[in-house]
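Engineer: What follows is a structure written as structure tokens; I'll ask about it next.
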Amino acid sequence: MILDVQGDDPLHSGAGLWMYRFMEELYPICRSITGEGTRETLRRIAPHVPIEIHEVTTGTKAFDWTVPKEWNVRDAYVRNEAGERVIDFNKSNLHLLNYSIPFRGKVSQETLREHLFTLPEKPDWIPYRTSYYKENWGFCVSQRQAEALREPEYEVCIDADLKDGSLTYGECFVPGDTDQEVLFSCHVCHPSLCNDNLSGIALMTWLARYLKQKNSRFSYRFLFVPGTIGAIVWLSRNEELVSKIRHGLVVACVVDHRKPTYKKSRRGDTEIDRAVLHALRTRGLDYSVREFTPYGYDERQYCSPGFDLPVGSLTRTPHGAYPEYHTSADNLSFVRPECLADSLSIYLDVVEILESNSVYMSQCPKCEPQLGKRGLYRALGGLPDAEKGEMAMLWVLNLSDGKHSLLDIAEHAKLAYREIRRAANLLIEHDLLKEE
Amino acid sequence: MILDVQGDDPLHSGAGLWMYRFMEELYPICRSITGEGTRETLRRIAPHVPIEIHEVTTGTKAFDWTVPKEWNVRDAYVRNEAGERVIDFNKSNLHLLNYSIPFRGKVSQETLREHLFTLPEKPDWIPYRTSYYKENWGFCVSQRQAEALREPEYEVCIDADLKDGSLTYGECFVPGDTDQEVLFSCHVCHPSLCNDNLSGIALMTWLARYLKQKNSRFSYRFLFVPGTIGAIVWLSRNEELVSKIRHGLVVACVVDHRKPTYKKSRRGDTEIDRAVLHALRTRGLDYSVREFTPYGYDERQYCSPGFDLPVGSLTRTPHGAYPEYHTSADNLSFVRPECLADSLSIYLDVVEILESNSVYMSQCPKCEPQLGKRGLYRALGGLPDAEKGEMAMLWVLNLSDGKHSLLDIAEHAKLAYREIRRAANLLIEHDLLKEE
Amino acid sequence: MILDVQGDDPLHSGAGLWMYRFMEELYPICRSITGEGTRETLRRIAPHVPIEIHEVTTGTKAFDWTVPKEWNVRDAYVRNEAGERVIDFNKSNLHLLNYSIPFRGKVSQETLREHLFTLPEKPDWIPYRTSYYKENWGFCVSQRQAEALREPEYEVCIDADLKDGSLTYGECFVPGDTDQEVLFSCHVCHPSLCNDNLSGIALMTWLARYLKQKNSRFSYRFLFVPGTIGAIVWLSRNEELVSKIRHGLVVACVVDHRKPTYKKSRRGDTEIDRAVLHALRTRGLDYSVREFTPYGYDERQYCSPGFDLPVGSLTRTPHGAYPEYHTSADNLSFVRPECLADSLSIYLDVVEILESNSVYMSQCPKCEPQLGKRGLYRALGGLPDAEKGEMAMLWVLNLSDGKHSLLDIAEHAKLAYREIRRAANLLIEHDLLKEE
């Protein structure tokens, strides 16, 4: 069964706005690699798609790693002598060093400064910092806020728990005609940050919601996991399943207004790599391509040498490459519904290619079949050049020798996959082409 | 036995003029995919080369195709009220829609116009149009001729037969030392058009005439066939022979004054591809190269996936890429004898490479042989650089390891094939090289 | 055991000057493909490295070649009527045509001129010419010297022997942990010429002297051989040894001030090719690369098809490509100690790569290991980009799958080999990496 993902699908209209609204809903929640914020985020996905929420106990081994403690914050602030909150977690959850240990006490200005993180080159922005694997407390503030701290002493309160509990991740499985899978994965551990990565959560939720209403060849698995540790935990608990993953994408940073970027899988020339590049190329808009590097998002884990999965990452501007990255400026006003919708349309193009790409055999391999007698060829000869649709048919017939998939043919012929797919359908109807 | 196709061969002088005269002779004949015109054309080749003329009955199956009816025209015109022929087949056989059904009757100006074909952007030229696989009648006229038709009614007469008969093609076989074949194929179905393809017919006739007087390693097969259906018929009747075809070229459009163009075989890197590209590259003149596409001349059939023969197409400007293409402007005044001769010289260079290219083994593979003691090396050492001839010898010795043909060596060394061939001959004479 | 060839090695300081002094010492000696000059040269290497001097009798067969007669000169001059030496071997050994036959007698100016070699375009330089394989006598003089010869008759004396004796070559073997060898070869047959090739002799002597004081994985073999015939003789006497040669370089022209040039081995992509190119690329200085050609120095023999050894040639300006080549201008004032030292440093970089390049297996192939808990990763997350050292570790872990050597990884990651090697060492220390 082949997906119908044409542009006039009623589900599409308003997709950008739908995703934007969902980001708005999730924005205020303080997420981390563990804790109630992440759990709450997953709970809010549940009304839209059949998501299974997994809890993995602190201390559980996952390859070289161990599930860390659960972190929950009730309140956090720095107060001056007058009792005013000069830094307040309630104003922005970025203020608190993410995964900070609890702390209470009076400290000198000097000591406090050792625990402050700022971005001097962007004096109004609050940076986002974490301290997962080294115990520390701290606050992130704008440079101006830091400069305004002139009093000799401050009262610090980090009313948080860091204790045994569990790590939480969500998994949504949409079965298809076969048990071969397409994997989509996003990280859900960032607090109030939009491009990175509420945009990924929203896009994946929309996509899962869309696909569960469709027939599809592949089964689809959507992982909503805390970065690094979440992907590692999932892989460690699903090793036997990994061989079913035929294609995959890590979804992040899909909402900024800059051009899309594809980071290839470790193998670099798998079908997902070629499908994404074909989709990007045939849009006629600017895009960029990066070779795999072992740094970035969770493709690091999916593409570790022991798994080496065909998983790339399709973003707009990649991590670290835009000024708003990991700062308070990656907020809702940075978000553009139409950019999210545009990212989604590329994901849908990719899904369309993956779903329908196959290898066929021409049923008339010796010389061309007579297209004219089947009404497939312009009747009047001698025109200067064949039309596009006819060229697509001729290419499909010429290259359907059992060695070329439709995507191979599209790339070789320098025609859009959709043209080639349409030509193949026509030839199948006329018994000139058959799936191998 | 290796061909001697040096430039001073007496057969060469006047080749351009000879071919031009032959085109002149064939120009007035009205050819089509079947009929007396094509038959007559083949008969006129017969005095020059041993051509076998095959007749294949209407209705014969050839893969997905069926041999069509035979078409013969006695007369065709459109007359005005005054009885004057305003369109006259006798003035140009292009005027009649090729393969038009017979028709007689008075028609309104409006109806007539529905059966007229013009080229508005070239108002003085008559277009060439065919209607092979859809029954239709019509005339091709210049835009000015069409505009001059002002009378309300015209008398139309197409005194033609379209009935059971046969399809005619010619085959000329020149045996060589082995039964391995080189195939040359051209289409013979176009009426009074010169570049496309009287030039191909003339060049192939000259080449066959030349080769039959030579000793050659390969056998040569020259096919003079109606386009598409002719090649398909030949292939369907000679399937067992196809495995002997080692190299092949489709010959067309070899007389215009623009640069030569090579369209690669479907496989793209066969010896014929490399031989033609080497010949073009080492001439030092401009040329262009195109990848295989399943549109063009009869390479479409030879390179269909069930055959996938090593057959390219060596033309000057390819079909559809020059303004005169398929119009009355592709006439004798468009023809340049010296361009035909130039095309021929490339074909001869290619034949020379194919004939003499082989894999050899150095008889002194460990270290260089001492060329000096055989008089093959300049006696006086210390000069800044070895001369070309010596370099050619050193390359042949170094790469004749059973894995490189002389053409491989020429390409690798960036030397002309002729230099490499000459060096190999010298080394063979001195027992330093032996055919594998 | 891995070589330590860091820049602060005490052996390094003064290497340029040491090599320069050694060239100075060898400069006056008149060398040829046989004879006392070459023998004396080898004897002067002996105090520095354990060199074995081989004598191979005239007439000995070596593949297609025969060891030639031994050539020794006592004196050679041309005297004018006044008894003055107008050409004097004692002033420059280049004056005598190298390997000239003995000759004594009065000759007319005209006859003398037939035996003179000059460089008209460089009127003050004496050319270097040889006549090894064709018996001849002659003198090489500057154009000005030749022009000054105005007398009708001259007395010629070439007091030389050309008779049965032996060919001499030197071989220095430095054993390593394995019997797999790295070959360095230079020619020792040129008289007073510096870049070509006293520089090669000096560099190889220094390198052998250095390596014999080090532990090394590979054994090193240094060949000091007369050009062409010497390499051929060595190969013919050591055929069984050749399979142990894993890497090799021909050393010549390593002292001029122009950029380094690497000429690839015949195979073109062996480890020595990649190691040299990596060393050149990561220096950040200009260099050039040439594909293998069967003309040049003794790589011609090592890369003949019967041996096809992984032997390239690392020079500065290659033979024939600098104006001073094979002239009296290639003298001690053309020599720059710092250029020799610079060449040496590239050779040492190459040795370092060859010695330490290996294939490893990540001991944690499924997902990344947790570098943080081992103190190998910055503690504070959320920064825009990983540092270089961390990237090197991540690359080594990701690509150490048994298919990539450290050099492969360095090239793939576009990082310096040294960075990758350092990262690998750190990972080995932490049991995260193991040699295959």
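Chain identifiers are assigned as A, B, and so on, following the order in which chains appear in the structure tokens; residues are numbered from 1 within each chain, and ligands are numbered from 1 in order of appearance.
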Counting only C-alpha atoms, what is within 12 Å of A:Thr41, bar same-chain residues fewer than 6 positions away, as a ChimeraX atom specification?
Structural biologist: /A:22-32,34-35,47,51,53,168-170,187-192,198,201-202,205,224-226
Engineer: Which residues of chain C have any atom within 7 Å of an atom in chain B when counting only C-alpha atoms, and what is the closest pair of atoms for each, with the distance in Å to one decimal? Order the rows by chain and rising number and write it as JSON lines.
Structural biologist:
{"residue": "C:Asp64", "atom": "CA", "partner": "B:Pro369", "partner_atom": "CA", "distance": 5.3}
{"residue": "C:Trp65", "atom": "CA", "partner": "B:Gln370", "partner_atom": "CA", "distance": 6.1}
{"residue": "C:Tyr128", "atom": "CA", "partner": "B:Gly382", "partner_atom": "CA", "distance": 6.6}
{"residue": "C:Arg129", "atom": "CA", "partner": "B:Gly382", "partner_atom": "CA", "distance": 5.2}
{"residue": "C:Thr130", "atom": "CA", "partner": "B:Gly381", "partner_atom": "CA", "distance": 5.1}
{"residue": "C:Ser131", "atom": "CA", "partner": "B:Leu380", "partner_atom": "CA", "distance": 5.3}
{"residue": "C:Tyr133", "atom": "CA", "partner": "B:Ala379", "partner_atom": "CA", "distance": 6.5}
{"residue": "C:Lys134", "atom": "CA", "partner": "B:Ala379", "partner_atom": "CA", "distance": 5.9}
{"residue": "C:Ile232", "atom": "CA", "partner": "B:Cys367", "partner_atom": "CA", "distance": 6.3}
{"residue": "C:Pro294", "atom": "CA", "partner": "B:Leu394", "partner_atom": "CA", "distance": 5.9}
{"residue": "C:Gln301", "atom": "CA", "partner": "B:Cys367", "partner_atom": "CA", "distance": 4.5}
{"residue": "C:Ser304", "atom": "CA", "partner": "B:Cys367", "partner_atom": "CA", "distance": 5.1}
{"residue": "C:Pro305", "atom": "CA", "partner": "B:Pro365", "partner_atom": "CA", "distance": 5.3}
{"residue": "C:Gly306", "atom": "CA", "partner": "B:Lys366", "partner_atom": "CA", "distance": 4.4}
{"residue": "C:Phe307", "atom": "CA", "partner": "B:Lys366", "partner_atom": "CA", "distance": 6.2}
{"residue": "C:Gly320", "atom": "CA", "partner": "B:Pro384", "partner_atom": "CA", "distance": 4.8}
{"residue": "C:His326", "atom": "CA", "partner": "B:Gly382", "partner_atom": "CA", "distance": 6.9}
Engineer: Could you pull the residues within 8 Å of C:Thr282, counting only C-alpha atoms, minus those fewer than 3 positions along the same chain, as an mmCIF file with all heavy atoms, in the first residue's frame?
Structural biologist:
data_model
loop_
_atom_site.group_PDB
_atom_site.id
_atom_site.type_symbol
_atom_site.label_atom_id
_atom_site.label_comp_id
_atom_site.auth_asym_id
_atom_site.auth_seq_id
_atom_site.Cartn_x
_atom_site.Cartn_y
_atom_site.Cartn_z
ATOM 1 N N HIS C 278 49.743 12.823 3.828
ATOM 2 C CA HIS C 278 49.218 13.349 5.086
ATOM 3 C C HIS C 278 50.250 14.252 5.755
ATOM 4 O O HIS C 278 49.928 15.343 6.227
ATOM 5 C CB HIS C 278 48.818 12.213 6.018
ATOM 6 C CG HIS C 278 48.143 12.713 7.259
ATOM 7 N ND1 HIS C 278 46.806 12.999 7.299
ATOM 8 C CD2 HIS C 278 48.632 13.035 8.488
ATOM 9 C CE1 HIS C 278 46.495 13.460 8.506
ATOM 10 N NE2 HIS C 278 47.587 13.485 9.249
ATOM 11 N N ALA C 279 51.498 13.793 5.791
ATOM 12 C CA ALA C 279 52.556 14.598 6.418
ATOM 13 C C ALA C 279 52.680 15.943 5.707
ATOM 14 O O ALA C 279 52.787 16.993 6.347
ATOM 15 C CB ALA C 279 53.883 13.843 6.389
ATOM 16 N N ALA C 416 45.033 16.209 12.245
ATOM 17 C CA ALA C 416 46.417 15.779 12.088
ATOM 18 C C ALA C 416 46.593 14.394 12.696
ATOM 19 O O ALA C 416 46.008 14.079 13.733
ATOM 20 C CB ALA C 416 47.354 16.770 12.764
#
Engineer: Please report the interatomic distance between atom CA of B:Val78 and atom CA of B:Thr111 in Å with one decimal.
Structural biologist: 12.5 Å
Engineer: Please identify the strand (DSSP E) residues within stretch 108-232 of chain C (assignment by DSSP from backbone atoms) and present them as a PyMOL selection string.
Structural biologist: chain C and resi 108+116-117+139-140+153-163+166-174+181-187+219-225
Engineer: With N, CA, C and O atoms retained, write the just-selected residues as a short mmCIF file (atom, residue, chain, number, x, y, z; two decimals), in the first residue's frame.
Structural biologist:
data_model
loop_
_atom_site.label_atom_id
_atom_site.label_comp_id
_atom_site.auth_asym_id
_atom_site.auth_seq_id
_atom_site.Cartn_x
_atom_site.Cartn_y
_atom_site.Cartn_z
N SER C 108 92.49 18.31 -33.95
CA SER C 108 92.19 19.65 -34.48
C SER C 108 91.11 20.29 -33.61
O SER C 108 90.36 19.59 -32.93
N LEU C 116 82.94 18.18 -27.29
CA LEU C 116 82.67 19.14 -26.21
C LEU C 116 81.17 19.26 -25.98
O LEU C 116 80.37 19.24 -26.92
N PHE C 117 80.78 19.41 -24.71
CA PHE C 117 79.38 19.63 -24.36
C PHE C 117 79.27 20.93 -23.59
O PHE C 117 80.02 21.15 -22.63
N PHE C 139 84.53 16.17 -23.22
CA PHE C 139 84.67 17.12 -22.11
C PHE C 139 83.43 18.00 -22.03
O PHE C 139 82.82 18.30 -23.05
N CYS C 140 83.10 18.38 -20.82
CA CYS C 140 81.99 19.31 -20.59
C CYS C 140 82.60 20.63 -20.13
O CYS C 140 83.38 20.66 -19.18
N GLU C 153 94.95 23.44 -33.01
CA GLU C 153 95.14 22.07 -32.51
C GLU C 153 95.25 22.06 -30.99
O GLU C 153 95.73 23.02 -30.38
N TYR C 154 94.81 20.94 -30.38
CA TYR C 154 94.91 20.80 -28.92
C TYR C 154 95.40 19.41 -28.57
O TYR C 154 95.17 18.44 -29.30
N GLU C 155 96.03 19.35 -27.43
CA GLU C 155 96.48 18.06 -26.92
C GLU C 155 95.46 17.56 -25.90
O GLU C 155 95.15 18.23 -24.92
N VAL C 156 94.95 16.40 -26.17
CA VAL C 156 93.92 15.83 -25.29
C VAL C 156 94.52 14.68 -24.49
O VAL C 156 95.23 13.85 -25.05
N CYS C 157 94.24 14.66 -23.19
CA CYS C 157 94.67 13.53 -22.38
C CYS C 157 93.55 13.11 -21.44
O CYS C 157 93.09 13.91 -20.62
N ILE C 158 93.08 11.89 -21.61
CA ILE C 158 92.16 11.31 -20.63
C ILE C 158 92.86 10.07 -20.09
O ILE C 158 92.86 9.00 -20.72
N ASP C 159 93.50 10.27 -18.94
CA ASP C 159 94.29 9.20 -18.34
C ASP C 159 93.36 8.42 -17.41
O ASP C 159 93.29 8.68 -16.21
N ALA C 160 92.62 7.50 -18.01
CA ALA C 160 91.60 6.77 -17.25
C ALA C 160 91.67 5.29 -17.57
O ALA C 160 92.22 4.90 -18.60
N ASP C 161 91.09 4.49 -16.68
CA ASP C 161 90.95 3.06 -16.95
C ASP C 161 89.47 2.74 -17.11
O ASP C 161 88.64 3.24 -16.34
N LEU C 162 89.17 1.90 -18.05
CA LEU C 162 87.82 1.38 -18.18
C LEU C 162 88.00 -0.11 -18.41
O LEU C 162 88.20 -0.55 -19.54
N LYS C 163 88.04 -0.87 -17.32
CA LYS C 163 88.35 -2.28 -17.47
C LYS C 163 87.63 -3.13 -16.42
O LYS C 163 86.97 -2.59 -15.52
N SER C 166 84.73 -4.06 -10.60
CA SER C 166 83.44 -4.35 -9.98
C SER C 166 82.59 -3.09 -9.83
O SER C 166 83.11 -1.98 -9.93
N LEU C 167 81.31 -3.35 -9.60
CA LEU C 167 80.37 -2.29 -9.24
C LEU C 167 80.22 -2.34 -7.72
O LEU C 167 80.16 -3.43 -7.14
N THR C 168 80.15 -1.17 -7.09
CA THR C 168 80.13 -1.10 -5.64
C THR C 168 78.82 -0.47 -5.17
O THR C 168 78.39 0.52 -5.75
N TYR C 169 78.21 -1.09 -4.18
CA TYR C 169 77.07 -0.40 -3.55
C TYR C 169 77.09 -0.65 -2.06
O TYR C 169 77.72 -1.60 -1.58
N GLY C 170 76.39 0.19 -1.32
CA GLY C 170 76.37 0.07 0.13
C GLY C 170 74.97 -0.22 0.63
O GLY C 170 73.98 0.21 0.04
N GLU C 171 74.90 -0.96 1.72
CA GLU C 171 73.62 -1.38 2.26
C GLU C 171 73.71 -1.29 3.78
O GLU C 171 74.62 -1.84 4.39
N CYS C 172 72.77 -0.57 4.36
CA CYS C 172 72.77 -0.42 5.82
C CYS C 172 71.45 -0.94 6.33
O CYS C 172 70.38 -0.47 5.92
N PHE C 173 71.49 -1.91 7.21
CA PHE C 173 70.27 -2.54 7.71
C PHE C 173 70.12 -2.24 9.20
O PHE C 173 71.02 -2.50 9.99
N VAL C 174 68.99 -1.67 9.57
CA VAL C 174 68.72 -1.36 10.98
C VAL C 174 67.55 -2.23 11.40
O VAL C 174 66.41 -1.98 11.00
N GLU C 181 59.94 -4.54 6.37
CA GLU C 181 60.94 -3.51 6.13
C GLU C 181 60.40 -2.21 5.53
O GLU C 181 59.44 -2.23 4.77
N VAL C 182 61.10 -1.15 5.88
CA VAL C 182 60.94 0.11 5.16
C VAL C 182 62.24 0.33 4.39
O VAL C 182 63.33 0.21 4.96
N LEU C 183 62.11 0.60 3.10
CA LEU C 183 63.28 0.76 2.24
C LEU C 183 63.51 2.23 1.93
O LEU C 183 62.58 2.94 1.54
N PHE C 184 64.75 2.69 2.12
CA PHE C 184 65.15 3.99 1.60
C PHE C 184 66.28 3.75 0.61
O PHE C 184 67.18 2.96 0.88
N SER C 185 66.21 4.42 -0.51
CA SER C 185 67.22 4.19 -1.54
C SER C 185 67.65 5.51 -2.15
O SER C 185 66.82 6.38 -2.43
N CYS C 186 68.97 5.67 -2.33
CA CYS C 186 69.44 6.86 -3.04
C CYS C 186 70.55 6.47 -4.00
O CYS C 186 71.18 5.42 -3.85
N HIS C 187 70.76 7.28 -5.01
CA HIS C 187 71.82 6.99 -5.95
C HIS C 187 73.09 7.72 -5.54
O HIS C 187 73.05 8.81 -4.99
N SER C 219 61.91 -2.93 10.46
CA SER C 219 63.33 -2.90 10.13
C SER C 219 63.52 -1.91 8.99
O SER C 219 62.62 -1.74 8.16
N TYR C 220 64.67 -1.27 8.98
CA TYR C 220 64.93 -0.24 7.96
C TYR C 220 66.12 -0.66 7.13
O TYR C 220 67.15 -1.09 7.65
N ARG C 221 65.97 -0.54 5.80
CA ARG C 221 67.06 -0.88 4.90
C ARG C 221 67.38 0.36 4.06
O ARG C 221 66.50 0.94 3.44
N PHE C 222 68.66 0.75 4.10
CA PHE C 222 69.11 1.92 3.36
C PHE C 222 70.04 1.46 2.25
O PHE C 222 71.07 0.84 2.52
N LEU C 223 69.67 1.76 1.02
CA LEU C 223 70.51 1.36 -0.12
C LEU C 223 71.19 2.58 -0.71
O LEU C 223 70.53 3.55 -1.08
N PHE C 224 72.51 2.50 -0.79
CA PHE C 224 73.31 3.54 -1.44
C PHE C 224 73.85 2.91 -2.72
O PHE C 224 74.82 2.16 -2.67
N VAL C 225 73.17 3.16 -3.83
CA VAL C 225 73.47 2.41 -5.06
C VAL C 225 73.70 3.34 -6.24
O VAL C 225 73.12 4.41 -6.33
#
Engineer: Using backbone DSSP assignments, extract all helix (DSSP H, G or I) residues from stretch 182-357 of chain C; output them as an MDAnalysis selection string.
Structural biologist: chainID C and resid 194:211 229:237 239:244 271:283 299:302 332:334 337:356
Engineer: Report, in Å to a single decimal, how far apart atom CA of B:Gly138 and atom CA of B:His115 are.
Structural biologist: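 Going from atom CA of B:His115 over to atom CA of B:Gly138, I get 4.5 Å.
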Engineer: Find the distance between atom CA of C:Ile126 and atom CA of C:Arg290 and write it in Å to one decimal.
Structural biologist: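 According to the coordinates, atom CA of C:Ile126 and atom CA of C:Arg290 are separated by 29.3 Å.
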Engineer: Just checking: using only C-alpha atoms, which residue out of B:Ile87, B:Lys212, B:Pro123, B:Glu70 ends up closest to B:Asp164?
Structural biologist: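 Of B:Ile87, B:Lys212, B:Pro123, B:Glu70, the one nearest B:Asp164 is B:Glu70, counting only C-alpha atoms.
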Engineer: Between B:Tyr210, B:Tyr77, B:Tyr287, B:Tyr322, which has the minimum distance to B:Pro50 (counting only C-alpha atoms)?
Structural biologist: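 Result for the nearest residue to B:Pro50: B:Tyr210.
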Engineer: If we count only C-alpha atoms, what is near B:Gly16 at a cut-off of 9 Å, once residues fewer than 5 positions away on the same chain are taken out, given as an NGL selection string?
Structural biologist: :B and (21 or 203 or 336-342 or 344)
Engineer: Could the residues in this selection be written to a file with N, CA and C atoms, as a PDB file, in the first residue's frame?
Structural biologist:
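Ended up saving to out_9.pdb:
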ATOM      1  N   ARG B  21      28.773  13.544 -53.345  1.00  0.00           N
ATOM      2  CA  ARG B  21      28.128  13.156 -54.606  1.00  0.00           C
ATOM      3  C   ARG B  21      27.071  12.086 -54.372  1.00  0.00           C
ATOM      4  N   LEU B 203      28.438   8.193 -45.251  1.00  0.00           N
ATOM      5  CA  LEU B 203      29.644   7.856 -44.496  1.00  0.00           C
ATOM      6  C   LEU B 203      29.751   6.338 -44.312  1.00  0.00           C
ATOM      7  N   ARG B 336      28.606  20.154 -46.079  1.00  0.00           N
ATOM      8  CA  ARG B 336      29.989  20.538 -46.362  1.00  0.00           C
ATOM      9  C   ARG B 336      30.847  19.293 -46.541  1.00  0.00           C
ATOM     10  N   PRO B 337      31.312  19.055 -47.760  1.00  0.00           N
ATOM     11  CA  PRO B 337      32.147  17.864 -47.999  1.00  0.00           C
ATOM     12  C   PRO B 337      33.282  17.746 -46.997  1.00  0.00           C
ATOM     13  N   GLU B 338      33.923  18.874 -46.631  1.00  0.00           N
ATOM     14  CA  GLU B 338      35.076  18.787 -45.734  1.00  0.00           C
ATOM     15  C   GLU B 338      34.663  18.385 -44.316  1.00  0.00           C
ATOM     16  N   CYS B 339      33.421  18.705 -43.943  1.00  0.00           N
ATOM     17  CA  CYS B 339      32.956  18.270 -42.613  1.00  0.00           C
ATOM     18  C   CYS B 339      32.682  16.769 -42.629  1.00  0.00           C
ATOM     19  N   LEU B 340      32.115  16.286 -43.722  1.00  0.00           N
ATOM     20  CA  LEU B 340      31.915  14.850 -43.864  1.00  0.00           C
ATOM     21  C   LEU B 340      33.259  14.125 -43.778  1.00  0.00           C
ATOM     22  N   ALA B 341      34.241  14.662 -44.505  1.00  0.00           N
ATOM     23  CA  ALA B 341      35.576  14.041 -44.500  1.00  0.00           C
ATOM     24  C   ALA B 341      36.166  14.069 -43.093  1.00  0.00           C
ATOM     25  N   ASP B 342      35.921  15.155 -42.374  1.00  0.00           N
ATOM     26  CA  ASP B 342      36.420  15.270 -41.013  1.00  0.00           C
ATOM     27  C   ASP B 342      35.749  14.231 -40.110  1.00  0.00           C
ATOM     28  N   LEU B 344      34.495  11.434 -41.066  1.00  0.00           N
ATOM     29  CA  LEU B 344      35.045  10.141 -41.485  1.00  0.00           C
ATOM     30  C   LEU B 344      36.392   9.881 -40.821  1.00  0.00           C
TER      31      LEU B 344
END
Engineer: List as a PyMOL selection string the protein and nucleic acid residues near C:Val335, meaning an atom at most 7 Å away when only C-alpha atoms are counted, but skip any in the same chain fewer than 3 places from it.
Structural biologist: chain C and resi 194+255-256+331-332
Engineer: Find the residues near C:Pro260: any atom within 9 Å, counting only C-alpha atoms, skip ones fewer than 3 places away on the same chain, and give them as JSON, numbers by chain.
Structural biologist: {"C": [254, 257, 280, 286, 287, 288, 289, 314, 315, 316, 317, 318, 343]}
Engineer: Could you save the residues just selected, with N, CA, C and O atoms, as an mmCIF file, in the first residue's frame?
Structural biologist:
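Heads up, here's the output in out-v1.cif:
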data_model
loop_
_atom_site.group_PDB
_atom_site.id
_atom_site.type_symbol
_atom_site.label_atom_id
_atom_site.label_comp_id
_atom_site.auth_asym_id
_atom_site.auth_seq_id
_atom_site.Cartn_x
_atom_site.Cartn_y
_atom_site.Cartn_z
ATOM 1 N N VAL C 254 66.948 16.755 -2.085
ATOM 2 C CA VAL C 254 66.225 17.152 -0.877
ATOM 3 C C VAL C 254 66.762 18.440 -0.256
ATOM 4 O O VAL C 254 66.445 18.759 0.885
ATOM 5 N N HIS C 257 65.691 25.082 -2.212
ATOM 6 C CA HIS C 257 64.832 25.908 -1.359
ATOM 7 C C HIS C 257 63.379 25.919 -1.827
ATOM 8 O O HIS C 257 62.558 26.633 -1.293
ATOM 9 N N LEU C 280 52.636 15.928 4.377
ATOM 10 C CA LEU C 280 52.765 17.178 3.625
ATOM 11 C C LEU C 280 51.564 18.089 3.864
ATOM 12 O O LEU C 280 51.707 19.294 4.080
ATOM 13 N N ASP C 286 53.154 24.840 1.295
ATOM 14 C CA ASP C 286 52.926 24.430 -0.087
ATOM 15 C C ASP C 286 53.734 23.164 -0.422
ATOM 16 O O ASP C 286 54.822 22.947 0.096
ATOM 17 N N TYR C 287 53.166 22.356 -1.286
ATOM 18 C CA TYR C 287 53.872 21.165 -1.760
ATOM 19 C C TYR C 287 53.227 20.752 -3.062
ATOM 20 O O TYR C 287 52.178 21.261 -3.430
ATOM 21 N N SER C 288 53.853 19.836 -3.776
ATOM 22 C CA SER C 288 53.158 19.334 -4.959
ATOM 23 C C SER C 288 53.231 17.822 -5.026
ATOM 24 O O SER C 288 54.052 17.185 -4.371
ATOM 25 N N VAL C 289 52.323 17.276 -5.806
ATOM 26 C CA VAL C 289 52.169 15.825 -5.899
ATOM 27 C C VAL C 289 52.200 15.446 -7.367
ATOM 28 O O VAL C 289 51.614 16.145 -8.194
ATOM 29 N N LEU C 314 60.271 11.111 -2.513
ATOM 30 C CA LEU C 314 60.012 12.382 -1.848
ATOM 31 C C LEU C 314 61.222 13.282 -2.038
ATOM 32 O O LEU C 314 62.303 13.011 -1.504
ATOM 33 N N THR C 315 61.042 14.308 -2.846
ATOM 34 C CA THR C 315 62.122 15.235 -3.168
ATOM 35 C C THR C 315 61.657 16.650 -2.839
ATOM 36 O O THR C 315 60.573 16.845 -2.329
ATOM 37 N N ARG C 316 62.522 17.605 -3.153
ATOM 38 C CA ARG C 316 62.011 18.972 -3.240
ATOM 39 C C ARG C 316 61.720 19.149 -4.739
ATOM 40 O O ARG C 316 60.879 18.415 -5.264
ATOM 41 N N THR C 317 62.413 20.014 -5.437
ATOM 42 C CA THR C 317 62.152 20.120 -6.870
ATOM 43 C C THR C 317 62.610 18.839 -7.557
ATOM 44 O O THR C 317 63.747 18.408 -7.371
ATOM 45 N N PRO C 318 61.775 18.216 -8.332
ATOM 46 C CA PRO C 318 62.197 16.940 -8.930
ATOM 47 C C PRO C 318 63.223 17.115 -10.054
ATOM 48 O O PRO C 318 63.434 18.224 -10.549
ATOM 49 N N SER C 343 63.553 19.057 4.924
ATOM 50 C CA SER C 343 63.251 17.789 4.244
ATOM 51 C C SER C 343 63.289 16.644 5.247
ATOM 52 O O SER C 343 62.411 15.772 5.267
#
